[in-house]
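Enquirer: I'm passing along work-v5.cif; it holds mmCIF, C-alpha atoms.
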data_input
#
loop_
_atom_site.label_atom_id
_atom_site.label_comp_id
_atom_site.auth_asym_id
_atom_site.auth_seq_id
_atom_site.Cartn_x
_atom_site.Cartn_y
_atom_site.Cartn_z
CA MET A 263 -2.15 47.00 44.24
CA THR A 264 -4.39 49.20 42.06
CA THR A 265 -6.51 47.85 39.23
CA LYS A 266 -4.15 49.50 36.75
CA TYR A 267 -1.18 47.54 38.10
CA TRP A 268 -3.15 44.26 38.15
CA LEU A 269 -4.00 44.75 34.47
CA ALA A 270 -0.39 45.55 33.60
CA ALA A 271 0.81 42.44 35.41
CA LEU A 272 -1.79 40.29 33.69
CA CYS A 273 -0.74 41.62 30.27
CA THR A 274 2.89 40.83 31.06
CA ILE A 275 1.97 37.25 32.04
CA LEU A 276 -0.07 36.78 28.88
CA VAL A 277 2.73 38.11 26.66
CA MET A 278 5.30 35.86 28.34
CA SER A 279 2.98 32.86 28.08
CA GLY A 280 2.44 33.58 24.41
CA HIS A 281 6.17 33.67 23.76
CA GLY A 282 6.59 30.41 25.69
CA TYR A 283 3.84 28.73 23.63
CA ALA A 284 5.44 29.88 20.38
CA ARG A 285 8.80 28.50 21.42
CA ALA A 286 7.23 25.18 22.37
CA GLN A 287 5.47 24.99 19.02
CA ALA A 288 8.65 25.84 17.15
CA ASP A 289 10.56 23.19 19.09
CA GLU A 290 7.96 20.57 18.22
CA VAL A 291 7.46 21.28 14.53
CA PHE A 292 7.75 18.30 12.22
CA LYS A 293 10.70 18.00 9.87
CA VAL A 294 10.07 16.09 6.65
CA GLY A 295 12.18 15.04 3.68
CA ALA A 296 11.46 12.79 0.71
CA ALA A 297 13.40 11.10 -2.08
CA LYS A 298 13.13 8.45 -4.77
CA VAL A 299 15.74 6.16 -6.30
CA ASP A 300 15.44 4.33 -9.63
CA ILE A 301 15.72 0.57 -9.04
CA THR A 302 15.00 -0.63 -12.58
CA PRO A 303 17.29 -3.59 -13.29
CA ALA A 304 19.96 -3.00 -15.90
CA ALA A 305 19.61 -4.79 -19.25
CA GLY A 306 21.96 -7.58 -18.20
CA GLN A 307 20.27 -8.07 -14.83
CA MET A 308 16.67 -8.59 -15.87
CA PRO A 309 14.87 -11.34 -13.92
CA GLU A 310 14.09 -14.49 -15.85
CA GLY A 311 11.16 -14.06 -18.21
CA VAL A 312 11.36 -10.25 -18.34
CA GLU A 313 11.76 -8.95 -21.90
CA GLY A 314 12.32 -5.23 -21.36
CA VAL A 315 11.15 -2.06 -19.62
CA LEU A 316 7.76 -0.44 -20.11
CA ASP A 317 8.28 2.11 -17.33
CA HIS A 318 10.81 2.46 -14.57
CA ALA A 319 10.62 1.10 -11.05
CA PHE A 320 11.44 3.19 -7.98
CA VAL A 321 11.78 3.13 -4.26
CA ARG A 322 10.14 6.21 -2.76
CA ALA A 323 10.69 7.28 0.83
CA ILE A 324 9.49 9.91 3.29
CA VAL A 325 11.33 10.58 6.56
CA VAL A 326 9.45 12.41 9.33
CA GLU A 327 11.09 13.80 12.48
CA ASN A 328 10.10 15.61 15.64
CA SER A 329 12.37 16.68 18.50
CA LYS A 330 12.40 13.16 19.96
CA THR A 331 12.41 10.58 17.17
CA ARG A 332 11.93 9.93 13.48
CA ALA A 333 9.89 7.63 11.24
CA ALA A 334 9.90 6.45 7.64
CA LEU A 335 7.29 5.63 5.02
CA ILE A 336 8.81 3.58 2.19
CA THR A 337 7.21 2.00 -0.87
CA VAL A 338 8.98 -0.16 -3.44
CA ASP A 339 7.78 -1.00 -6.94
CA THR A 340 7.82 -4.78 -6.72
CA ILE A 341 5.31 -7.58 -6.29
CA GLY A 342 6.36 -8.23 -2.71
CA LEU A 343 9.09 -7.91 -0.11
CA ALA A 344 10.26 -10.90 1.87
CA THR A 345 10.31 -10.76 5.65
CA GLU A 346 14.09 -11.21 5.55
CA THR A 347 14.38 -8.16 3.29
CA TRP A 348 12.21 -6.11 5.66
CA ALA A 349 14.31 -7.23 8.64
CA ASN A 350 17.60 -6.36 6.93
CA ILE A 351 16.46 -2.94 5.71
CA THR A 352 14.85 -1.84 8.96
CA SER A 353 17.84 -3.04 10.99
CA ARG A 354 20.17 -0.97 8.80
CA ALA A 355 17.86 2.05 8.96
CA ALA A 356 17.88 1.86 12.76
CA GLN A 357 21.65 1.50 13.01
CA GLU A 358 22.74 3.89 10.26
CA LEU A 359 19.99 6.52 10.25
CA GLY A 360 18.50 6.40 13.73
CA ILE A 361 15.03 5.38 12.57
CA PRO A 362 13.55 2.91 15.08
CA ILE A 363 12.35 -0.34 13.52
CA ASN A 364 8.85 0.12 14.95
CA ASN A 365 8.62 3.53 13.24
CA ILE A 366 9.13 2.16 9.70
CA LEU A 367 6.45 1.09 7.25
CA LEU A 368 8.04 -0.73 4.29
CA THR A 369 5.45 -1.48 1.60
CA SER A 370 5.41 -3.02 -1.86
CA THR A 371 3.18 -1.62 -4.59
CA HIS A 372 2.40 -5.23 -5.52
CA THR A 373 2.77 -4.56 -9.23
CA HIS A 374 2.52 -7.91 -11.00
CA ALA A 375 4.95 -6.76 -13.70
CA ILE A 376 8.02 -6.74 -11.44
CA PRO A 377 9.14 -10.03 -9.86
CA PRO A 378 10.63 -10.02 -6.36
CA PHE A 379 14.04 -8.37 -6.38
CA LYS A 380 16.96 -10.61 -5.54
CA GLU A 381 19.89 -8.32 -6.35
CA ALA A 382 22.27 -7.91 -3.44
CA ASP A 383 22.32 -4.13 -3.74
CA PHE A 384 18.53 -3.70 -3.52
CA GLU A 385 18.64 -3.11 0.23
CA GLY A 386 21.34 -0.52 -0.33
CA GLN A 387 19.08 1.35 -2.77
CA VAL A 388 16.35 1.59 -0.13
CA ILE A 389 18.86 2.88 2.42
CA LEU A 390 20.09 5.39 -0.16
CA ALA A 391 16.54 6.72 -0.62
CA LEU A 392 16.15 7.01 3.16
CA ARG A 393 19.50 8.73 3.51
CA GLU A 394 18.61 11.29 0.83
CA ALA A 395 15.16 11.88 2.35
CA LYS A 396 16.67 12.41 5.79
CA ALA A 397 19.22 14.87 4.38
CA LYS A 398 16.40 16.92 2.83
CA ALA A 399 14.35 17.17 6.03
CA GLN A 400 12.93 20.65 6.62
CA PRO A 401 10.29 22.16 8.93
CA ALA A 402 6.94 20.94 7.69
CA ARG A 403 3.22 20.60 8.28
CA ILE A 404 1.18 17.42 7.97
CA ARG A 405 -2.41 17.45 6.75
CA TYR A 406 -4.89 14.66 6.00
CA GLY A 407 -7.81 14.37 3.62
CA THR A 408 -9.87 11.84 1.71
CA GLY A 409 -11.52 11.57 -1.67
CA VAL A 410 -13.08 8.84 -3.79
CA SER A 411 -12.02 7.01 -6.92
CA TYR A 412 -14.09 4.47 -8.83
CA ILE A 413 -11.31 2.66 -10.65
CA ASN A 414 -11.44 -0.38 -8.31
CA VAL A 415 -14.08 -3.09 -8.05
CA ASN A 416 -14.67 -6.32 -6.14
CA ARG A 417 -13.32 -9.09 -8.35
CA ASN A 418 -15.35 -12.15 -7.29
CA ILE A 419 -18.50 -13.08 -9.22
CA ILE A 420 -20.71 -16.07 -9.96
CA ASP A 421 -19.92 -17.11 -13.53
CA SER A 422 -23.03 -16.90 -15.70
CA VAL A 423 -22.18 -20.14 -17.52
CA THR A 424 -20.74 -22.42 -14.85
CA HIS A 425 -22.68 -20.85 -11.96
CA ARG A 426 -19.51 -21.14 -9.89
CA TRP A 427 -17.28 -18.51 -8.30
CA TRP A 428 -14.84 -16.94 -10.74
CA GLU A 429 -13.08 -13.64 -11.39
CA GLY A 430 -14.80 -10.61 -12.85
CA PRO A 431 -16.17 -7.18 -11.91
CA ASN A 432 -18.72 -7.48 -9.10
CA TYR A 433 -20.22 -4.01 -8.90
CA GLU A 434 -22.25 -4.94 -5.82
CA GLY A 435 -19.43 -6.59 -3.89
CA PRO A 436 -17.59 -4.98 -0.96
CA SER A 437 -15.29 -2.26 -2.27
CA ASP A 438 -14.04 0.85 -0.50
CA LYS A 439 -13.56 3.71 -2.96
CA THR A 440 -11.73 5.94 -0.47
CA VAL A 441 -8.48 7.61 -1.45
CA ALA A 442 -6.70 8.63 1.76
CA VAL A 443 -4.04 11.33 1.44
CA VAL A 444 -1.39 12.54 3.89
CA ASN A 445 0.09 15.82 2.65
CA PHE A 446 3.53 17.05 3.72
CA THR A 447 4.36 20.68 2.94
CA SER A 448 6.96 23.21 4.03
CA LEU A 449 5.89 25.93 6.46
CA GLN A 450 5.53 28.15 3.39
CA GLY A 451 3.17 25.65 1.74
CA LYS A 452 5.60 24.18 -0.81
CA PRO A 453 4.90 20.49 -1.56
CA ILE A 454 7.40 18.06 -0.07
CA ALA A 455 5.61 14.73 -0.34
CA VAL A 456 2.25 13.02 -0.60
CA TYR A 457 1.48 9.64 0.94
CA TYR A 458 -1.68 8.24 -0.62
CA ASN A 459 -3.60 5.03 -0.02
CA TYR A 460 -5.95 3.08 -2.28
CA ALA A 461 -7.19 -0.50 -2.58
CA ILE A 462 -6.57 -1.99 -6.02
CA HIS A 463 -4.54 -4.83 -7.49
CA PRO A 464 -1.88 -3.49 -9.89
CA VAL A 465 -2.33 -6.27 -12.44
CA ILE A 466 -2.92 -4.47 -15.74
CA THR A 467 0.60 -4.96 -17.10
CA GLY A 468 1.25 -8.38 -15.57
CA GLN A 469 0.93 -10.27 -18.88
CA LEU A 470 3.28 -8.01 -20.84
CA ASP A 471 6.49 -9.53 -19.43
CA GLN A 472 8.00 -6.05 -19.18
CA ILE A 473 9.10 -4.11 -16.11
CA SER A 474 6.26 -1.79 -15.09
CA ALA A 475 5.10 -0.11 -11.89
CA ASP A 476 1.54 -0.40 -13.24
CA ILE A 477 -1.19 1.88 -11.84
CA PRO A 478 0.81 2.96 -8.74
CA GLY A 479 3.74 4.06 -10.89
CA ALA A 480 1.54 5.91 -13.36
CA ALA A 481 -0.35 7.67 -10.56
CA SER A 482 2.79 8.69 -8.66
CA ALA A 483 4.48 9.99 -11.82
CA TYR A 484 1.36 12.02 -12.67
CA ILE A 485 1.12 13.54 -9.18
CA GLU A 486 4.83 14.37 -9.07
CA GLY A 487 4.70 16.03 -12.46
CA SER A 488 1.67 18.07 -11.41
CA LEU A 489 3.17 19.21 -8.09
CA GLY A 490 6.52 20.01 -9.69
CA GLY A 491 9.84 20.60 -7.99
CA ASP A 492 11.20 17.76 -5.89
CA ALA A 493 7.81 16.61 -4.54
CA ILE A 494 7.54 12.84 -4.08
CA ALA A 495 4.26 10.90 -4.32
CA VAL A 496 4.39 7.68 -2.33
CA TRP A 497 1.73 5.05 -2.99
CA SER A 498 0.55 2.77 -0.20
CA THR A 499 -1.39 -0.41 -0.88
CA GLY A 500 -4.86 -0.56 0.64
CA ALA A 501 -6.77 -3.73 1.54
CA SER A 502 -6.95 -5.05 -2.01
CA GLY A 503 -7.03 -8.82 -1.57
CA ASP A 504 -10.33 -8.93 -3.47
CA GLN A 505 -10.05 -5.71 -5.50
CA ASP A 506 -9.18 -5.41 -9.19
CA PRO A 507 -9.11 -2.52 -11.65
CA ILE A 508 -12.66 -1.93 -12.81
CA TYR A 509 -11.58 -2.02 -16.46
CA PHE A 510 -9.76 -5.32 -16.79
CA GLN A 511 -11.41 -6.90 -19.82
CA GLN A 512 -8.23 -7.16 -21.87
CA ALA A 513 -6.78 -9.55 -19.30
CA GLN A 514 -9.89 -11.72 -19.48
CA ASP A 515 -9.73 -11.77 -23.29
CA LEU A 516 -6.05 -12.69 -23.24
CA ARG A 517 -6.81 -15.39 -20.72
CA GLN A 518 -9.32 -16.98 -23.09
CA ILE A 519 -6.83 -16.81 -25.96
CA ARG A 520 -4.34 -18.66 -23.76
CA ILE A 521 -6.90 -21.28 -22.76
CA ASP A 522 -7.71 -21.94 -26.43
CA ASP A 523 -4.05 -22.09 -27.47
CA TYR A 524 -3.18 -24.53 -24.68
CA ALA A 525 -6.22 -26.66 -25.53
CA LYS A 526 -4.89 -27.09 -29.08
CA ARG A 527 -1.80 -28.67 -27.49
CA GLY A 528 -3.95 -30.94 -25.34
CA ILE A 529 -3.44 -28.95 -22.12
CA ASP A 530 -6.39 -27.75 -20.04
CA ILE A 531 -5.63 -24.52 -18.15
CA SER A 532 -9.25 -23.41 -17.81
CA ASN A 533 -9.02 -23.65 -14.02
CA SER A 534 -5.46 -22.41 -13.60
CA MET A 535 -3.40 -19.35 -14.51
CA PRO A 536 0.16 -19.55 -15.92
CA ARG A 537 2.30 -16.68 -14.66
CA GLY A 538 2.81 -13.52 -16.69
CA GLY A 539 2.35 -13.87 -20.42
CA GLN A 540 3.52 -17.47 -20.49
CA GLY A 541 2.07 -19.27 -23.50
CA LEU A 542 0.80 -16.14 -25.29
CA ASN A 543 1.85 -15.65 -28.89
CA LYS A 544 2.79 -11.98 -28.89
CA GLN A 545 3.07 -12.03 -32.69
CA ASN A 546 -0.67 -12.66 -32.89
CA PRO A 547 -2.19 -9.30 -34.00
CA ARG A 548 -5.11 -9.69 -31.58
CA VAL A 549 -2.75 -10.34 -28.65
CA ALA A 550 -0.61 -7.33 -29.61
CA PHE A 551 -3.73 -5.14 -29.86
CA LEU A 552 -5.02 -6.18 -26.42
CA MET A 553 -1.60 -5.69 -24.83
CA ASN A 554 -1.34 -2.20 -26.28
CA GLN A 555 -4.75 -1.45 -24.76
CA GLN A 556 -3.43 -2.64 -21.40
CA LYS A 557 -0.61 -0.11 -21.62
CA GLN A 558 -3.17 2.61 -22.34
CA MET A 559 -5.42 1.53 -19.48
CA THR A 560 -2.52 1.66 -17.03
CA GLN A 561 -1.86 5.29 -17.91
CA SER A 562 -5.56 6.20 -17.96
CA MET A 563 -6.36 4.74 -14.54
CA GLY A 564 -3.13 6.03 -13.02
CA GLN A 565 -3.98 9.53 -14.20
CA MET A 566 -7.54 9.23 -12.90
CA LEU A 567 -6.30 8.19 -9.47
CA GLY A 568 -3.65 10.90 -9.56
CA GLU A 569 -6.28 13.51 -10.38
CA GLU A 570 -8.31 12.48 -7.35
CA VAL A 571 -5.25 12.82 -5.10
CA LEU A 572 -4.70 16.32 -6.51
CA HIS A 573 -8.40 17.10 -5.97
CA VAL A 574 -8.01 16.15 -2.30
CA LEU A 575 -4.96 18.38 -1.99
CA ARG A 576 -6.86 21.30 -3.50
CA THR A 577 -10.22 21.01 -1.74
CA ASN A 578 -10.52 18.26 0.87
CA ILE A 579 -7.35 18.57 2.90
CA GLU A 580 -7.88 19.34 6.56
CA TYR A 581 -6.08 21.65 8.98
CA PRO A 582 -2.53 20.84 10.07
CA ALA A 583 -2.19 18.08 12.63
CA SER A 584 -2.89 19.32 16.16
CA SER A 585 -0.15 17.02 17.47
CA THR A 586 3.45 16.38 16.48
CA ALA A 587 3.31 12.82 17.79
CA ILE A 588 5.42 10.10 16.22
CA PHE A 589 4.81 6.67 17.67
CA GLY A 590 5.29 3.23 16.18
CA THR A 591 4.55 -0.22 17.51
CA GLN A 592 4.10 -3.77 16.23
CA GLU A 593 2.47 -7.02 17.27
CA VAL A 594 2.33 -10.53 15.84
CA VAL A 595 -0.97 -12.40 16.03
CA THR A 596 -1.45 -16.03 15.03
CA CYS A 597 -4.35 -17.95 13.51
CA PRO A 598 -4.89 -21.66 12.86
CA GLY A 599 -3.33 -22.81 9.59
CA ARG A 600 -4.15 -25.29 6.84
CA ASN A 601 -2.51 -26.72 3.71
CA ARG A 602 -4.47 -27.51 0.59
CA THR A 603 -4.24 -31.05 -0.77
CA ASP A 604 -6.00 -30.63 -4.14
CA THR A 605 -5.69 -28.23 -7.09
CA GLY A 606 -7.86 -25.91 -9.15
CA ARG A 607 -8.02 -22.14 -9.17
CA ALA A 608 -11.61 -21.51 -8.11
CA GLY A 609 -15.21 -22.66 -8.17
CA TYR A 610 -14.81 -25.78 -6.02
CA SER A 611 -14.29 -26.42 -2.34
CA GLY A 612 -10.69 -27.21 -1.50
CA THR A 613 -9.54 -30.11 0.64
CA TYR A 614 -7.10 -29.41 3.46
CA VAL A 615 -5.01 -30.82 6.26
CA ASP A 616 -4.08 -29.03 9.46
CA ALA A 617 -0.88 -26.99 9.36
CA ASP A 618 1.19 -24.83 11.71
CA PRO A 619 -0.37 -21.63 13.04
CA VAL A 620 0.04 -18.66 10.70
CA PRO A 621 1.73 -15.51 12.10
CA LEU A 622 0.47 -12.12 10.91
CA ARG A 623 2.57 -9.04 11.63
CA LEU A 624 0.57 -5.93 12.53
CA SER A 625 2.15 -2.49 12.56
CA LEU A 626 0.96 0.94 13.60
CA LEU A 627 2.54 4.32 12.89
CA ASN A 628 0.95 7.40 14.46
CA LEU A 629 1.95 10.67 12.76
CA GLY A 630 0.23 13.66 14.33
CA ASP A 631 -3.49 12.96 14.00
CA VAL A 632 -3.09 10.11 11.52
CA MET A 633 -3.14 6.39 12.37
CA ILE A 634 -1.55 4.23 9.68
CA ALA A 635 -2.30 0.58 10.39
CA GLY A 636 -0.18 -2.05 8.64
CA VAL A 637 -0.70 -5.73 7.79
CA ASN A 638 1.98 -7.91 6.18
CA GLY A 639 -0.45 -9.78 3.94
CA GLU A 640 -3.34 -9.27 1.52
CA PRO A 641 -6.53 -8.80 3.54
CA PHE A 642 -9.92 -8.49 1.90
CA ASN A 643 -11.40 -5.01 1.68
CA ALA A 644 -14.12 -5.68 4.25
CA ILE A 645 -11.47 -6.08 6.97
CA ALA A 646 -10.16 -2.55 6.40
CA GLN A 647 -13.71 -1.20 6.30
CA ARG A 648 -14.40 -2.81 9.67
CA LEU A 649 -11.20 -1.37 11.14
CA LYS A 650 -12.15 2.14 10.05
CA ARG A 651 -15.66 1.74 11.48
CA GLU A 652 -14.34 0.59 14.85
CA SER A 653 -11.33 2.90 15.07
CA PRO A 654 -11.73 5.69 17.63
CA PHE A 655 -9.57 7.90 15.38
CA LYS A 656 -11.07 9.80 12.46
CA HIS A 657 -7.91 9.65 10.38
CA THR A 658 -7.31 5.91 10.06
CA MET A 659 -6.03 4.03 7.03
CA MET A 660 -4.86 0.46 6.42
CA VAL A 661 -1.70 -0.28 4.44
CA THR A 662 -1.05 -3.85 3.40
CA LEU A 663 1.85 -5.93 2.07
CA THR A 664 3.80 -3.98 4.67
CA ASN A 665 6.74 -5.02 6.87
CA GLY A 666 7.39 -8.45 5.47
CA LYS A 667 5.36 -11.21 3.89
CA ALA A 668 2.90 -13.31 5.88
CA PRO A 669 2.82 -17.04 5.02
CA SER A 670 -0.95 -16.83 4.87
CA GLY A 671 -1.71 -16.30 1.22
CA TYR A 672 -4.82 -14.14 0.92
CA ILE A 673 -6.60 -13.06 4.11
CA PRO A 674 -10.37 -13.29 3.53
CA ASN A 675 -12.86 -11.76 5.92
CA ASP A 676 -14.99 -14.25 7.84
CA ALA A 677 -18.03 -14.08 5.54
CA ALA A 678 -15.93 -14.59 2.41
CA PHE A 679 -14.82 -18.04 3.58
CA GLY A 680 -18.24 -19.24 2.46
CA TYR A 681 -17.31 -18.57 -1.20
CA ASN A 682 -15.13 -20.81 -3.36
CA THR A 683 -13.13 -17.95 -4.83
CA PHE A 684 -9.49 -18.46 -5.79
CA GLU A 685 -8.31 -16.30 -2.88
CA VAL A 686 -10.31 -18.34 -0.36
CA VAL A 687 -9.43 -21.83 -1.61
CA SER A 688 -5.72 -20.93 -1.77
CA SER A 689 -5.55 -19.28 1.67
CA HIS A 690 -3.43 -20.98 4.32
CA LEU A 691 -5.76 -19.66 7.03
CA LYS A 692 -8.60 -21.56 8.59
CA PRO A 693 -11.90 -19.66 8.73
CA GLY A 694 -13.02 -17.65 11.71
CA CYS A 695 -9.85 -16.06 13.07
CA ALA A 696 -7.97 -13.55 10.90
CA GLU A 697 -10.56 -10.79 10.53
CA THR A 698 -11.07 -10.28 14.26
CA ALA A 699 -7.42 -10.95 15.12
CA ILE A 700 -6.32 -8.19 12.74
CA VAL A 701 -8.95 -5.63 13.71
CA ASP A 702 -8.66 -6.21 17.45
CA GLY A 703 -4.87 -6.31 17.27
CA LEU A 704 -4.66 -3.00 15.41
CA LEU A 705 -7.12 -1.41 17.83
CA ARG A 706 -4.85 -2.53 20.69
CA LEU A 707 -1.91 -0.86 18.97
CA MET A 708 -3.95 2.33 18.58
CA GLY A 709 -4.61 2.23 22.30
CA LYS A 710 -0.88 2.11 22.93
CA ALA A 711 -0.37 5.05 20.60
CA ASN A 712 -3.09 7.03 22.34
CA THR A 713 -1.48 6.39 25.73
CA ALA A 714 1.86 7.56 24.39
CA ARG A 715 0.47 10.81 22.93
#
Please render this file's structure as structure tokens.
Expert:
Amino acid sequence: MTTKYWLAALCTILVMSGHGYARAQADEVFKVGAAKVDITPAAGQMPEGVEGVLDHAFVRAIVVENSKTRAALITVDTIGLATETWANITSRAAQELGIPINNILLTSTHTHAIPPFKEADFEGQVILALREAKAKAQPARIRYGTGVSYINVNRNIIDSVTHRWWEGPNYEGPSDKTVAVVNFTSLQGKPIAVYYNYAIHPVITGQLDQISADIPGAASAYIEGSLGGDAIAVWSTGASGDQDPIYFQQAQDLRQIRIDDYAKRGIDISNSMPRGGQGLNKQNPRVAFLMNQQKQMTQSMGQMLGEEVLHVLRTNIEYPASSTAIFGTQEVVTCPGRNRTDTGRAGYSGTYVDADPVPLRLSLLNLGDVMIAGVNGEPFNAIAQRLKRESPFKHTMMVTLTNGKAPSGYIPNDAAFGYNTFEVVSSHLKPGCAETAIVDGLLRLMGKANTAR
């Protein structure tokens, strides 16, 4: 065969291979849909102690598909989701929508202004959001990026008066400022959804006794308004066990007002914390002023966080995922348990007796090049930082309060067990286990995901 014919044959092979590659890529493109459903209780269904609505609560959901399976990212505006609720919702999603249980991450925003939902139709509202998201699925690209936001701070300090551990902004304490963003767009670049991750306690509106999604709700609403259309912004809770909003002084001032008011009635609450706004005289002009400031701070910090997410979308987002992998897996690890036998919020060593081992559910969802690692409790920030350092994958984030509720209380890192903070003394975990069990367990799950890719 002459050189001319060899070249012609080679060109034909290359053209055919190119068409085959394009078809394979088209077959394996992600499909993504997103939706949100208002879950604000009606006036006659408000939980006990709730006086009204400051802003609405939602369930937000993203459904991701490839040619083989599908997955879901769901976040609910509530303080927490019971393990039974997680089990019921994920079982229904698997049966009714074909979303495998292992491929679902169900997270609470942990807003302290919305008690746990108990209404029978709550699970149905989550399924409705998933059903609508699935119906909207369209060919899509997934990108990942990170930014920074300085609205969080470590919340454990040595009190300047008592010289004991207490709550307040510790600017030098462990605190990851990273905002991780997963961006879902149509093939034409139109926004479909954003899944963003940050470590902060949504506690600004907790004393108002009104329904509020707090900072996560304000940030998501700001992002959605900025993106326009039907775009959905889904918050995910980072490792915020020891992270508060950096500007939280109003809560401290209101706390002191409560302490003084209770003291006049002969009750000492200086080392405890009544729930919500219990005991606060909301007719007191100073109380009303501070509470109004809390409402303003919620909007301000939500907008600041939302702006950073938008900044990432504009400038820091990376190329589309090189893989269309969807893989989910879970594992339960256990650590020695303890029960506290004394009282007091912080500042003193607790006394304990041995208790049953504490199970911690770990989850992993791999979407393209992104590893989303889940924990069903409230780990300290240092645990997530260690996971990201040791992860072999560049795009790794930790989502917490996800897939049920661990019976652990807070999950301090090993070093933090040496401090008599309120999270440490109230934890049902013995020292020396949880940090490594979580990190090593999630790394094992990443290994499974890597094998499956």
Enquirer: One decimal, Å: what's the distance from atom CA of Ile579 of chain A over to atom CA of Gly409 of chain A, could you say?
Expert: 9.3 Å
Enquirer: One decimal, Å: what's the distance from atom CA of Tyr457 of chain A over to atom CA of Val496 of chain A, could you say?
Expert: 4.8 Å
Enquirer: How many Å separate atom CA of Ser502 of chain A from atom CA of Ile413 of chain A?
Expert: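 Value for the atom CA of Ser502 of chain A-atom CA of Ile413 of chain A distance: 12.4 Å.
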Enquirer: Would you mind listing what lies within 8 Å of segment 335-340 of chain A as a list in words, with all atoms listed in the file counted and same-chain residues fewer than 5 positions away left out?
Expert: Ala319, Phe320, Val321, Arg322, Ala323, Ile324, Val325, Ile366, Leu367, Leu368, Thr369, Ser370, Thr371, His372, Thr373, His374, Ala375, Ile376, Pro377, Pro378, Phe379, Ala475, Gly479, Val496, Trp497 and Ser498 of chain A
Enquirer: So, with all atoms listed in the file as the atoms that count, which of A:Leu567, A:Ile529, A:Ala644, A:Met660 lies closest to Pro478 of chain A?
Expert: A:Leu567
Enquirer: Kindly resolve the PyMOL selection byres ((chain A and resi 561) around 10) on the present coordinates and return the residues as a PyMOL selection string.
Expert: chain A and resi 476-481+483-484+556-560+562-567
Enquirer: Excluding Gln505 of chain A and any residue of its chain fewer than 4 positions from it, enumerate the residues within 7 Å of it, using only C-alpha atoms, and give them as an mmCIF file with C-alpha atoms, in the frame of the given file.
Expert:
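Printed below is result-v6.cif as written:
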data_model
loop_
_atom_site.group_PDB
_atom_site.id
_atom_site.type_symbol
_atom_site.label_atom_id
_atom_site.label_comp_id
_atom_site.auth_asym_id
_atom_site.auth_seq_id
_atom_site.Cartn_x
_atom_site.Cartn_y
_atom_site.Cartn_z
ATOM 1 C CA ASN A 414 -11.440 -0.380 -8.310
ATOM 2 C CA VAL A 415 -14.080 -3.090 -8.050
ATOM 3 C CA ASN A 416 -14.670 -6.320 -6.140
ATOM 4 C CA ARG A 417 -13.320 -9.090 -8.350
ATOM 5 C CA ALA A 461 -7.190 -0.500 -2.580
ATOM 6 C CA ILE A 462 -6.570 -1.990 -6.020
ATOM 7 C CA HIS A 463 -4.540 -4.830 -7.490
#
Enquirer: Could you spell out the hits of the PyMOL selection byres ((chain A and resi 334) around 12) on the shown file, as a PyMOL selection string?
Expert: chain A and resi 293-297+322-327+331-333+335-337+351-352+355-356+359-369+388-389+391-393+395-396+399+457+496+588-590+627-629+634+665
